[in-house]
file upload_34.cif (mmCIF, C-alpha atoms)
data_model
loop_
_atom_site.label_atom_id
_atom_site.label_comp_id
_atom_site.auth_asym_id
_atom_site.auth_seq_id
_atom_site.Cartn_x
_atom_site.Cartn_y
_atom_site.Cartn_z
CA MET A 1 0.00 0.00 0.00
CA GLU A 2 1.20 3.46 -0.83
CA ILE A 3 1.95 5.59 2.20
CA THR A 4 1.45 9.11 0.99
CA GLU A 5 3.62 11.77 2.53
CA PHE A 6 1.29 14.64 3.07
CA ASP A 7 2.86 18.03 2.82
CA SER A 8 1.09 21.36 2.62
CA HIS A 9 3.43 22.28 -0.23
CA THR A 10 2.21 19.70 -2.67
CA SER A 11 3.18 19.06 -6.22
CA ILE A 12 -0.36 19.96 -7.26
CA PRO A 13 -0.18 23.49 -8.64
CA GLY A 14 -2.23 26.13 -6.85
CA THR A 15 -3.13 23.75 -4.05
CA THR A 16 -2.32 23.74 -0.34
CA LEU A 17 -3.34 20.66 1.59
CA PHE A 18 -4.71 21.49 5.01
CA ASP A 19 -2.70 19.01 7.07
CA GLY A 20 -1.28 18.91 10.59
CA LYS A 21 1.33 21.57 9.80
CA MET A 22 -1.28 24.00 8.53
CA ALA A 23 -3.64 23.06 11.37
CA MET A 24 -0.96 24.04 13.91
CA LYS A 25 -0.19 27.26 12.08
CA GLY A 26 -3.77 28.35 11.60
CA TYR A 27 -5.48 27.26 14.82
CA ALA A 28 -6.20 30.76 16.18
CA LEU A 29 -7.44 32.02 12.82
CA ASN A 30 -9.65 28.98 12.25
CA LYS A 31 -11.00 29.17 15.79
CA MET A 32 -11.98 32.79 15.21
CA CYS A 33 -13.67 31.88 11.92
CA PHE A 34 -15.49 28.95 13.55
CA SER A 35 -16.99 31.41 16.05
CA PHE A 36 -18.74 33.14 13.14
CA ASN A 37 -21.35 30.38 13.11
CA SER A 38 -22.99 32.65 15.70
CA ALA A 39 -24.75 35.81 14.55
CA GLU A 40 -23.67 37.61 17.74
CA ALA A 41 -20.03 36.85 16.98
CA ARG A 42 -20.40 38.19 13.44
CA GLU A 43 -21.84 41.43 14.79
CA GLU A 44 -19.10 41.69 17.40
CA TYR A 45 -16.46 41.27 14.70
CA LEU A 46 -17.95 43.94 12.46
CA ALA A 47 -18.21 46.36 15.38
CA ASP A 48 -14.49 46.10 16.18
CA PRO A 49 -12.38 43.72 14.04
CA GLU A 50 -9.09 44.50 15.77
CA ALA A 51 -10.46 43.74 19.23
CA TYR A 52 -11.86 40.49 17.88
CA HIS A 53 -8.50 39.51 16.32
CA ASP A 54 -6.87 40.08 19.72
CA LYS A 55 -9.55 38.11 21.53
CA PHE A 56 -8.55 35.07 19.47
CA LYS A 57 -4.81 35.88 19.64
CA LEU A 58 -4.22 36.10 15.90
CA ASN A 59 -0.64 36.74 14.83
CA GLU A 60 0.25 39.76 12.69
CA GLU A 61 0.24 37.78 9.43
CA GLN A 62 -3.26 36.54 10.16
CA LYS A 63 -4.52 39.97 11.22
CA GLN A 64 -3.21 41.59 8.05
CA ALA A 65 -4.73 38.90 5.85
CA CYS A 66 -8.08 39.52 7.59
CA ARG A 67 -7.79 43.29 7.15
CA ASP A 68 -7.04 42.77 3.45
CA LYS A 69 -9.73 40.05 3.11
CA ASN A 70 -7.06 38.29 1.04
CA VAL A 71 -8.02 34.62 0.73
CA LEU A 72 -4.66 33.34 -0.55
CA ALA A 73 -2.92 35.13 2.33
CA LEU A 74 -5.47 33.69 4.78
CA ILE A 75 -4.71 30.19 3.46
CA ALA A 76 -0.95 30.81 3.68
CA ALA A 77 -1.49 31.93 7.29
CA GLY A 78 -3.04 28.54 8.08
CA GLY A 79 -6.69 29.22 7.29
CA ASN A 80 -8.89 26.30 6.27
CA ILE A 81 -11.33 27.07 3.47
CA TYR A 82 -14.39 25.72 5.33
CA TYR A 83 -13.81 28.13 8.23
CA LEU A 84 -12.67 30.94 5.94
CA ALA A 85 -16.02 30.63 4.15
CA LYS A 86 -17.64 31.81 7.38
CA PHE A 87 -15.30 34.81 7.47
CA ALA A 88 -16.11 35.57 3.81
CA GLY A 89 -19.81 35.22 4.63
CA ILE A 90 -19.63 38.20 6.99
CA PHE A 91 -18.82 40.33 3.94
CA LYS A 92 -21.43 38.53 1.79
CA LEU A 93 -18.70 36.94 -0.32
CA GLY A 94 -19.73 33.58 -1.80
CA VAL A 95 -17.56 30.79 -3.19
CA GLN A 96 -17.49 32.36 -6.66
CA ASP A 97 -16.28 35.68 -5.23
CA VAL A 98 -13.62 33.79 -3.31
CA GLY A 99 -12.68 31.77 -6.41
CA ALA A 100 -12.42 34.90 -8.54
CA GLN A 101 -10.20 36.62 -6.01
CA GLN A 102 -7.80 33.67 -5.75
CA THR A 103 -7.50 33.20 -9.49
CA GLY A 104 -7.17 36.90 -10.25
CA MET A 105 -10.30 36.91 -12.40
CA SER A 106 -13.45 38.99 -12.35
CA VAL A 107 -16.42 37.19 -10.77
CA GLU A 108 -18.12 37.07 -14.18
CA ALA A 109 -15.03 35.54 -15.80
CA PHE A 110 -14.74 32.98 -13.01
CA LYS A 111 -18.39 31.97 -13.41
CA GLU A 112 -17.84 31.68 -17.16
CA LYS A 113 -14.85 29.42 -16.53
CA LEU A 114 -17.07 27.14 -14.40
CA LEU A 115 -19.78 27.04 -17.07
CA ARG A 116 -17.26 26.21 -19.81
CA GLN A 117 -16.21 23.07 -17.97
CA GLY A 118 -19.72 21.74 -18.57
CA ASP A 119 -19.37 21.99 -22.35
CA MET B 1 -34.39 -8.32 10.23
CA ALA B 2 -33.43 -4.92 8.88
CA ARG B 3 -32.90 -4.73 5.15
CA ILE B 4 -30.86 -2.23 3.11
CA ILE B 5 -32.93 -1.49 0.03
CA GLY B 6 -30.47 0.70 -1.82
CA GLY B 7 -28.08 3.59 -1.93
CA ILE B 8 -28.40 7.12 -3.26
CA THR B 9 -25.74 9.69 -4.01
CA THR B 10 -26.04 13.42 -4.42
CA SER B 11 -23.98 16.54 -4.16
CA HIS B 12 -24.82 18.66 -1.12
CA ILE B 13 -23.82 22.12 -2.30
CA PRO B 14 -25.10 24.97 -0.07
CA ALA B 15 -26.33 26.94 -3.11
CA VAL B 16 -28.84 24.12 -3.65
CA GLY B 17 -30.34 24.93 -0.24
CA ASN B 18 -30.87 28.50 -1.38
CA ALA B 19 -32.27 27.41 -4.74
CA ILE B 20 -34.78 25.17 -2.94
CA ALA B 21 -35.75 27.97 -0.54
CA ASN B 22 -36.35 30.27 -3.52
CA GLU B 23 -38.04 27.54 -5.65
CA MET B 24 -35.69 28.05 -8.59
CA PHE B 25 -36.39 24.53 -9.97
CA ASP B 26 -37.25 25.60 -13.51
CA GLU B 27 -34.61 28.29 -14.03
CA PRO B 28 -32.25 27.40 -16.91
CA TYR B 29 -29.21 27.23 -14.61
CA TRP B 30 -30.91 24.86 -12.16
CA LYS B 31 -33.27 22.74 -14.28
CA PRO B 32 -30.67 20.20 -15.54
CA PHE B 33 -29.71 19.59 -11.92
CA PHE B 34 -33.18 19.36 -10.35
CA ASP B 35 -34.42 17.16 -13.20
CA GLY B 36 -32.17 14.43 -11.79
CA TYR B 37 -34.31 14.02 -8.67
CA PRO B 38 -37.95 13.05 -9.53
CA PRO B 39 -37.12 9.42 -10.49
CA ILE B 40 -35.40 8.94 -7.12
CA ARG B 41 -38.30 10.55 -5.25
CA GLU B 42 -40.70 8.18 -7.00
CA TRP B 43 -38.60 5.19 -5.99
CA LEU B 44 -38.51 6.41 -2.39
CA HIS B 45 -42.27 6.95 -2.46
CA ASP B 46 -42.79 3.36 -3.63
CA GLU B 47 -40.25 1.81 -1.26
CA ARG B 48 -41.00 3.91 1.87
CA PRO B 49 -37.79 3.31 3.84
CA ASP B 50 -38.18 3.51 7.63
CA VAL B 51 -34.68 4.86 8.22
CA VAL B 52 -32.21 6.91 6.20
CA ILE B 53 -28.50 6.72 7.00
CA ASN B 54 -27.08 10.03 5.76
CA ILE B 55 -23.31 9.83 5.23
CA TYR B 56 -21.91 13.34 4.85
CA ASN B 57 -18.92 15.40 5.88
CA ASP B 58 -19.28 18.18 8.41
CA HIS B 59 -17.96 21.53 7.15
CA GLY B 60 -17.27 23.27 10.45
CA LEU B 61 -20.60 23.26 12.26
CA GLY B 62 -20.82 20.03 14.27
CA PHE B 63 -17.07 19.66 14.72
CA PHE B 64 -14.10 21.97 15.02
CA LEU B 65 -10.36 21.28 14.87
CA ASN B 66 -10.21 21.09 18.68
CA GLN B 67 -11.72 17.60 18.48
CA MET B 68 -11.93 16.16 15.01
CA PRO B 69 -13.28 12.60 14.70
CA THR B 70 -12.33 10.68 11.57
CA PHE B 71 -15.69 8.88 11.67
CA ALA B 72 -18.63 10.02 13.81
CA ILE B 73 -22.06 8.42 14.20
CA GLY B 74 -25.13 10.25 15.47
CA ALA B 75 -26.95 8.66 18.40
CA ALA B 76 -29.46 11.40 19.13
CA HIS B 77 -33.26 11.52 19.34
CA GLU B 78 -33.16 14.45 16.94
CA TYR B 79 -30.64 16.41 14.91
CA ILE B 80 -30.63 20.18 14.90
CA ASN B 81 -29.65 22.24 11.88
CA GLU B 82 -27.92 25.42 13.04
CA ASP B 83 -26.63 28.70 11.62
CA GLU B 84 -23.51 28.07 9.51
CA GLY B 85 -22.54 31.70 9.22
CA TRP B 86 -23.57 32.57 5.69
CA GLY B 87 -27.29 32.37 5.76
CA ILE B 88 -28.91 29.25 4.35
CA PRO B 89 -32.36 28.91 5.92
CA LYS B 90 -32.50 26.98 9.19
CA LEU B 91 -34.76 23.91 9.30
CA ASP B 92 -36.63 22.19 12.11
CA PRO B 93 -35.00 19.19 13.83
CA PHE B 94 -34.82 15.81 12.08
CA PRO B 95 -36.10 12.86 14.19
CA GLY B 96 -33.45 10.19 14.84
CA ASP B 97 -33.45 6.49 15.71
CA PRO B 98 -31.12 6.19 18.69
CA GLU B 99 -31.82 2.45 19.22
CA LEU B 100 -30.59 1.65 15.72
CA SER B 101 -27.71 4.13 16.17
CA TRP B 102 -26.45 2.26 19.20
CA HIS B 103 -26.85 -1.07 17.46
CA ILE B 104 -24.70 0.27 14.61
CA ILE B 105 -22.15 1.72 17.05
CA GLU B 106 -21.89 -1.65 18.84
CA GLY B 107 -21.44 -3.41 15.51
CA MET B 108 -18.84 -0.98 14.18
CA VAL B 109 -16.66 -1.12 17.28
CA ALA B 110 -16.98 -4.92 17.46
CA ASP B 111 -15.74 -4.86 13.87
CA GLU B 112 -12.80 -2.70 14.99
CA PHE B 113 -13.97 0.63 13.57
CA ASP B 114 -13.37 2.90 16.55
CA ILE B 115 -15.90 5.60 15.83
CA ALA B 116 -17.00 8.64 17.83
CA SER B 117 -20.60 8.50 19.07
CA CYS B 118 -22.62 11.72 19.25
CA GLN B 119 -25.68 12.14 21.45
CA GLU B 120 -25.85 15.71 20.22
CA LEU B 121 -24.84 16.73 16.73
CA ALA B 122 -25.56 19.93 14.85
CA VAL B 123 -26.00 18.98 11.20
CA ASP B 124 -25.02 21.30 8.37
CA HIS B 125 -25.92 21.64 4.68
CA GLY B 126 -24.08 18.38 3.94
CA PHE B 127 -26.89 16.59 5.78
CA THR B 128 -29.90 18.86 5.18
CA VAL B 129 -29.60 19.62 1.44
CA PRO B 130 -29.85 15.93 0.41
CA MET B 131 -32.83 15.46 2.74
CA GLN B 132 -34.60 18.41 1.11
CA LEU B 133 -33.79 17.07 -2.36
CA PHE B 134 -35.20 13.59 -1.69
CA TRP B 135 -38.04 14.49 0.70
CA PRO B 136 -39.28 17.94 -0.31
CA GLY B 137 -40.36 19.92 2.73
CA ALA B 138 -38.04 17.91 4.99
CA PRO B 139 -38.21 17.32 7.87
CA HIS B 140 -41.99 17.82 7.58
CA ASN B 141 -42.54 15.54 4.60
CA PRO B 142 -44.93 12.80 5.88
CA GLU B 143 -42.73 10.14 4.24
CA MET B 144 -39.54 11.42 5.91
CA PRO B 145 -37.76 8.40 7.43
CA ARG B 146 -36.03 8.53 10.80
CA ALA B 147 -32.48 9.75 10.22
CA ILE B 148 -29.02 8.74 11.39
CA PRO B 149 -26.13 11.00 10.35
CA ILE B 150 -22.63 9.61 9.85
CA SER B 151 -19.87 12.15 9.26
CA ALA B 152 -16.35 11.51 7.97
CA ASN B 153 -13.51 14.00 8.21
CA THR B 154 -12.52 15.67 4.96
CA VAL B 155 -11.69 19.01 6.59
CA GLN B 156 -8.18 18.14 7.69
CA HIS B 157 -5.59 15.69 6.37
CA PRO B 158 -4.95 12.91 7.09
CA ILE B 159 -8.36 11.91 5.74
CA PRO B 160 -9.35 8.24 5.48
CA THR B 161 -8.25 6.24 2.44
CA LEU B 162 -10.78 5.15 -0.16
CA ASN B 163 -10.14 1.58 0.93
CA ARG B 164 -10.97 2.43 4.55
CA ALA B 165 -14.12 4.21 3.43
CA LEU B 166 -15.34 1.19 1.46
CA ASN B 167 -14.56 -1.14 4.36
CA PHE B 168 -16.34 1.20 6.76
CA GLY B 169 -19.40 0.84 4.56
CA LYS B 170 -19.12 -2.95 4.59
CA ALA B 171 -19.03 -2.99 8.40
CA LEU B 172 -21.94 -0.54 8.46
CA GLY B 173 -23.97 -2.77 6.15
CA LYS B 174 -23.24 -5.81 8.32
CA ALA B 175 -24.29 -3.95 11.47
CA ILE B 176 -27.56 -2.73 9.92
CA ARG B 177 -28.48 -6.18 8.57
CA SER B 178 -28.04 -7.71 12.02
CA TYR B 179 -30.68 -5.39 13.54
CA PRO B 180 -33.63 -7.57 14.62
CA GLU B 181 -36.45 -5.17 13.65
CA ASP B 182 -38.11 -5.62 10.24
CA ILE B 183 -37.25 -2.21 8.84
CA LYS B 184 -36.17 -0.89 5.46
CA VAL B 185 -33.04 1.24 5.37
CA VAL B 186 -31.72 3.49 2.61
CA VAL B 187 -28.15 4.81 2.67
CA LEU B 188 -27.13 8.18 1.26
CA GLY B 189 -23.59 9.06 0.22
CA THR B 190 -23.49 12.82 -0.16
CA GLY B 191 -20.96 15.38 -1.37
CA GLY B 192 -18.71 15.71 -4.37
CA LEU B 193 -18.08 15.29 -7.08
CA SER B 194 -15.01 17.19 -8.29
CA HIS B 195 -14.51 20.70 -6.95
CA GLN B 196 -11.88 22.91 -5.41
CA LEU B 197 -12.70 26.06 -3.48
CA ASP B 198 -9.24 27.07 -2.29
CA GLY B 199 -5.99 28.21 -3.87
CA GLU B 200 -5.04 29.41 -7.32
CA ARG B 201 -6.55 26.18 -8.67
CA ALA B 202 -10.03 27.18 -7.38
CA GLY B 203 -12.70 26.26 -9.91
CA HIS B 204 -11.09 22.96 -10.87
CA ILE B 205 -13.69 20.44 -12.11
CA ASN B 206 -12.89 17.08 -13.76
CA ARG B 207 -15.72 15.56 -15.78
CA GLU B 208 -13.72 12.57 -17.02
CA PHE B 209 -12.69 11.53 -13.52
CA ASP B 210 -16.22 12.05 -12.13
CA GLU B 211 -17.77 9.94 -14.87
CA MET B 212 -15.22 7.19 -14.29
CA CYS B 213 -16.08 7.22 -10.56
CA MET B 214 -19.82 7.06 -11.28
CA GLU B 215 -19.28 4.04 -13.49
CA LYS B 216 -16.86 2.12 -11.28
CA ILE B 217 -18.80 2.69 -8.08
CA VAL B 218 -21.56 0.51 -9.51
CA THR B 219 -19.53 -2.26 -11.09
CA ALA B 220 -16.11 -2.31 -9.45
CA PRO B 221 -15.79 -0.16 -6.31
CA GLU B 222 -12.71 -2.19 -5.27
CA GLU B 223 -10.83 -0.73 -8.23
CA LEU B 224 -11.40 2.77 -6.88
CA THR B 225 -9.63 1.86 -3.64
CA LYS B 226 -6.36 1.88 -5.59
CA ILE B 227 -6.58 5.66 -5.93
CA SER B 228 -4.32 7.30 -3.35
CA ARG B 229 -5.56 10.29 -1.36
CA MET B 230 -3.05 12.57 -3.08
CA GLU B 231 -4.25 11.34 -6.48
CA LEU B 232 -7.85 11.93 -5.42
CA VAL B 233 -7.01 15.56 -4.56
CA ARG B 234 -5.13 15.94 -7.85
CA GLN B 235 -8.00 14.58 -9.94
CA ALA B 236 -11.09 15.67 -8.02
CA GLY B 237 -9.82 18.82 -6.28
CA THR B 238 -9.32 19.55 -2.59
CA GLN B 239 -13.05 19.24 -1.82
CA GLY B 240 -13.54 16.40 -4.30
CA THR B 241 -12.30 14.20 -1.45
CA GLU B 242 -15.97 14.12 -0.43
CA PHE B 243 -16.15 11.15 -2.80
CA LEU B 244 -15.18 9.17 0.31
CA MET B 245 -18.84 9.45 1.41
CA TRP B 246 -19.93 7.72 -1.79
CA MET B 247 -17.50 4.89 -1.09
CA MET B 248 -18.81 4.49 2.47
CA MET B 249 -22.37 4.29 1.12
CA ARG B 250 -21.36 1.79 -1.57
CA GLY B 251 -19.71 -0.51 0.94
CA ALA B 252 -23.00 -0.85 2.82
CA LEU B 253 -24.87 -2.13 -0.27
CA THR B 254 -24.89 -5.63 -1.70
CA GLU B 255 -21.90 -6.62 -3.81
CA LYS B 256 -24.06 -6.47 -6.92
CA VAL B 257 -26.42 -3.54 -7.30
CA THR B 258 -28.88 -2.49 -9.98
CA PRO B 259 -28.22 1.04 -11.21
CA LEU B 260 -31.68 2.58 -11.64
CA HIS B 261 -30.89 6.20 -12.32
CA LYS B 262 -28.08 8.68 -12.76
CA ASN B 263 -27.57 12.32 -13.61
CA TYR B 264 -24.44 14.45 -13.94
CA HIS B 265 -24.27 18.18 -14.46
CA ILE B 266 -21.54 20.85 -14.53
CA PRO B 267 -21.54 23.31 -12.87
CA ILE B 268 -23.65 23.79 -9.80
CA SER B 269 -21.83 26.51 -7.94
CA ASN B 270 -18.16 25.38 -8.26
CA THR B 271 -18.95 21.68 -8.51
CA GLY B 272 -19.56 18.76 -10.84
CA ALA B 273 -22.87 17.49 -9.43
CA GLY B 274 -23.58 13.75 -9.52
CA THR B 275 -26.80 11.97 -8.60
CA MET B 276 -27.27 8.17 -8.58
CA LEU B 277 -29.70 5.52 -7.38
CA MET B 278 -28.55 1.94 -6.87
CA GLU B 279 -30.87 -0.79 -5.71
CA CYS B 280 -29.64 -3.76 -3.68
CA THR B 281 -30.03 -7.15 -5.33
CA ASP B 282 -31.34 -9.21 -2.42
#
call {"tool": "encode", "arguments": {"input": "upload_34.cif", "output": "structure tokens"}}
result
Amino acid sequence: MEITEFDSHTSIPGTTLFDGKMAMKGYALNKMCFSFNSAEAREEYLADPEAYHDKFKLNEEQKQACRDKNVLALIAAGGNIYYLAKFAGIFKLGVQDVGAQQTGMSVEAFKEKLLRQGD
Amino acid sequence: MARIIGGITTSHIPAVGNAIANEMFDEPYWKPFFDGYPPIREWLHDERPDVVINIYNDHGLGFFLNQMPTFAIGAAHEYINEDEGWGIPKLDPFPGDPELSWHIIEGMVADEFDIASCQELAVDHGFTVPMQLFWPGAPHNPEMPRAIPISANTVQHPIPTLNRALNFGKALGKAIRSYPEDIKVVVLGTGGLSHQLDGERAGHINREFDEMCMEKIVTAPEELTKISRMELVRQAGTQGTEFLMWMMMRGALTEKVTPLHKNYHIPISNTGAGTMLMECTD
């Protein structure tokens, strides 16, 4: 049986595997994002993002990625896409908005790319 | 004795929950997807299963990284659907079947699958969207079976292998069939097919791989176990690993199954959406 060596820096282009290394790195960020399941937490974040970052002890890299709402930077800082989706949701950003941002495309162009794969 | 009548697969994309809430069934974008469901609903109406085992993957509602079970089985009287943070409508609780849950848990652990048991479990779109697709109005559809959720970890690597998933399903099938009540059980494998939400490769979809999986899962699921987890990510995308749920479902069915229906459509949201109905042969 093949024993696959998992590494967050995979040979798959444009892909970071969320493994133990990334889980260690991103715990505070992901824990903050997990809290956004609650509407009260989402309101608290919007009222004072910096205080909320400190409450969850985010590091500077994570704070800056949150301020910039930069998904690739959030992933590099250890964010897991399922929890980041809850962060994006606060700003009404859906998976196509997030996809467009990461691929450097307009949302319309990204949606078109998805449709074309059905042809 | 309990009998497994068949298995059903579907994607469980959150956007589907919104489309259902807004009744967008006939819109050009959605019609090719929703048209895949009436034949399965008719089969369910004729068969009237007593229990549905819903195999899905939690996406950060029921579980967090503080305690992440590889396999978790619901053992609750009811399952609550809670706020996931981005606004799909909340549903009423789904009634469970804790007696059967504990029978399955006993069977799985006796068979050396050391699962986590959950007497409370918040269920997310991975669980609710398929229920709404197959039993419109769920949980208030009068034909809604009692539900048991089973969740597998695809949030964080290491995720289970495809081989482990298929064997999990075999143990699950054995446990269900040893339940002394005369009930009919249907097993759902939800999620997939190919999609990737994260990274510069976001938007990756792989029709050829999906179609191969939909063919082999009927005739030769053992062949699929040769796919490594890394290869699964490469072919199906980071979230395409949800195919593990399909393998768990397939393992619970009879070795030979009759494929009664299938539908495949690209894209729904960022995903290649696959729907299948397989009937057990005994």
call {"tool": "resolve_selection", "arguments": {"input": "upload_34.cif", "expression": "the PyMOL selection byres ((chain B) within 8 of (chain A))", "output": "PyMOL selection string"}}
result
chain B and resi 59-61+64-65+83-86+155-158+197-203+205+207+228-230+234+238+265-267+269-270
call {"tool": "resolve_selection", "arguments": {"input": "upload_34.cif", "expression": "the PyMOL selection byres ((chain B and resi 96) around 7)", "output": "list in words"}}
result
Ala76, His77, Glu78, Tyr79, Phe94, Pro95, Asp97, Pro98, Arg146, Ala147 and Ile148 of chain B
call {"tool": "write_last_selection", "arguments": {"input": "upload_34.cif", "atoms": "C-alpha atoms", "output": "mmCIF file, in the coordinates of the input"}}
result
data_model
loop_
_atom_site.group_PDB
_atom_site.id
_atom_site.type_symbol
_atom_site.label_atom_id
_atom_site.label_comp_id
_atom_site.auth_asym_id
_atom_site.auth_seq_id
_atom_site.Cartn_x
_atom_site.Cartn_y
_atom_site.Cartn_z
ATOM 1 C CA ALA B 76 -29.460 11.400 19.130
ATOM 2 C CA HIS B 77 -33.260 11.520 19.340
ATOM 3 C CA GLU B 78 -33.160 14.450 16.940
ATOM 4 C CA TYR B 79 -30.640 16.410 14.910
ATOM 5 C CA PHE B 94 -34.820 15.810 12.080
ATOM 6 C CA PRO B 95 -36.100 12.860 14.190
ATOM 7 C CA ASP B 97 -33.450 6.490 15.710
ATOM 8 C CA PRO B 98 -31.120 6.190 18.690
ATOM 9 C CA ARG B 146 -36.030 8.530 10.800
ATOM 10 C CA ALA B 147 -32.480 9.750 10.220
ATOM 11 C CA ILE B 148 -29.020 8.740 11.390
#
call {"tool": "resolve_selection", "arguments": {"input": "upload_34.cif", "expression": "the PyMOL selection byres ((chain B and resi 10) around 7)", "output": "list in words"}}
result
Ile8, Thr9, Ser11, His12, Pro130, Gly189, Thr190, Gly191, Gly274, Thr275 and Met276 of chain B
call {"tool": "closest_residue", "arguments": {"input": "upload_34.cif", "among": "A:Ala77, A:Asp48, A:Cys66, A:His53", "to": "Lys25 (chain A)", "atoms": "all atoms listed in the file"}}
result
A:Ala77
call {"tool": "residues_around", "arguments": {"input": "upload_34.cif", "residues": "Ala165 (chain B)", "least_positions_apart": "5", "cutoff": "9 Å", "atoms": "only C-alpha atoms", "output": "tab-separated table (two decimals) with C-alpha atoms, keeping the file's coordinate frame"}}
result
chain	number	residue	atom	x	y	z
B	152	ALA	CA	-16.35	11.51	7.97
B	160	PRO	CA	-9.35	8.24	5.48
B	170	LYS	CA	-19.12	-2.95	4.59
B	225	THR	CA	-9.63	1.86	-3.64
B	244	LEU	CA	-15.18	9.17	0.31
B	245	MET	CA	-18.84	9.45	1.41
B	246	TRP	CA	-19.93	7.72	-1.79
B	247	MET	CA	-17.50	4.89	-1.09
B	248	MET	CA	-18.81	4.49	2.47
B	249	MET	CA	-22.37	4.29	1.12
B	251	GLY	CA	-19.71	-0.51	0.94
call {"tool": "atom_distance", "arguments": {"input": "upload_34.cif", "atom1": "CA of Asn141 (chain B)", "atom2": "CA of Tyr179 (chain B)"}}
result
25.7 Å
call {"tool": "atom_distance", "arguments": {"input": "upload_34.cif", "atom1": "CA of Gly192 (chain B)", "atom2": "CA of Gly272 (chain B)"}}
result
7.2 Å
call {"tool": "atom_distance", "arguments": {"input": "upload_34.cif", "atom1": "CA of Thr241 (chain B)", "atom2": "CA of Ala19 (chain B)"}}
result
24.2 Å
call {"tool": "residues_around", "arguments": {"input": "upload_34.cif", "residues": "Cys118 (chain B)", "least_positions_apart": "3", "cutoff": "10 Å", "atoms": "all atoms listed in the file", "output": "list in words"}}
result
Gly62, Ala72, Ile73, Gly74, Ala75, Ala76, Ser101, Ile115, Leu121, Ala122, Pro149 and Ile150 of chain B
call {"tool": "closest_residue", "arguments": {"input": "upload_34.cif", "among": "B:Ala116, B:Ala252, B:Ala110, B:Val233", "to": "Val187 (chain B)", "atoms": "all atoms listed in the file"}}
result
B:Ala252
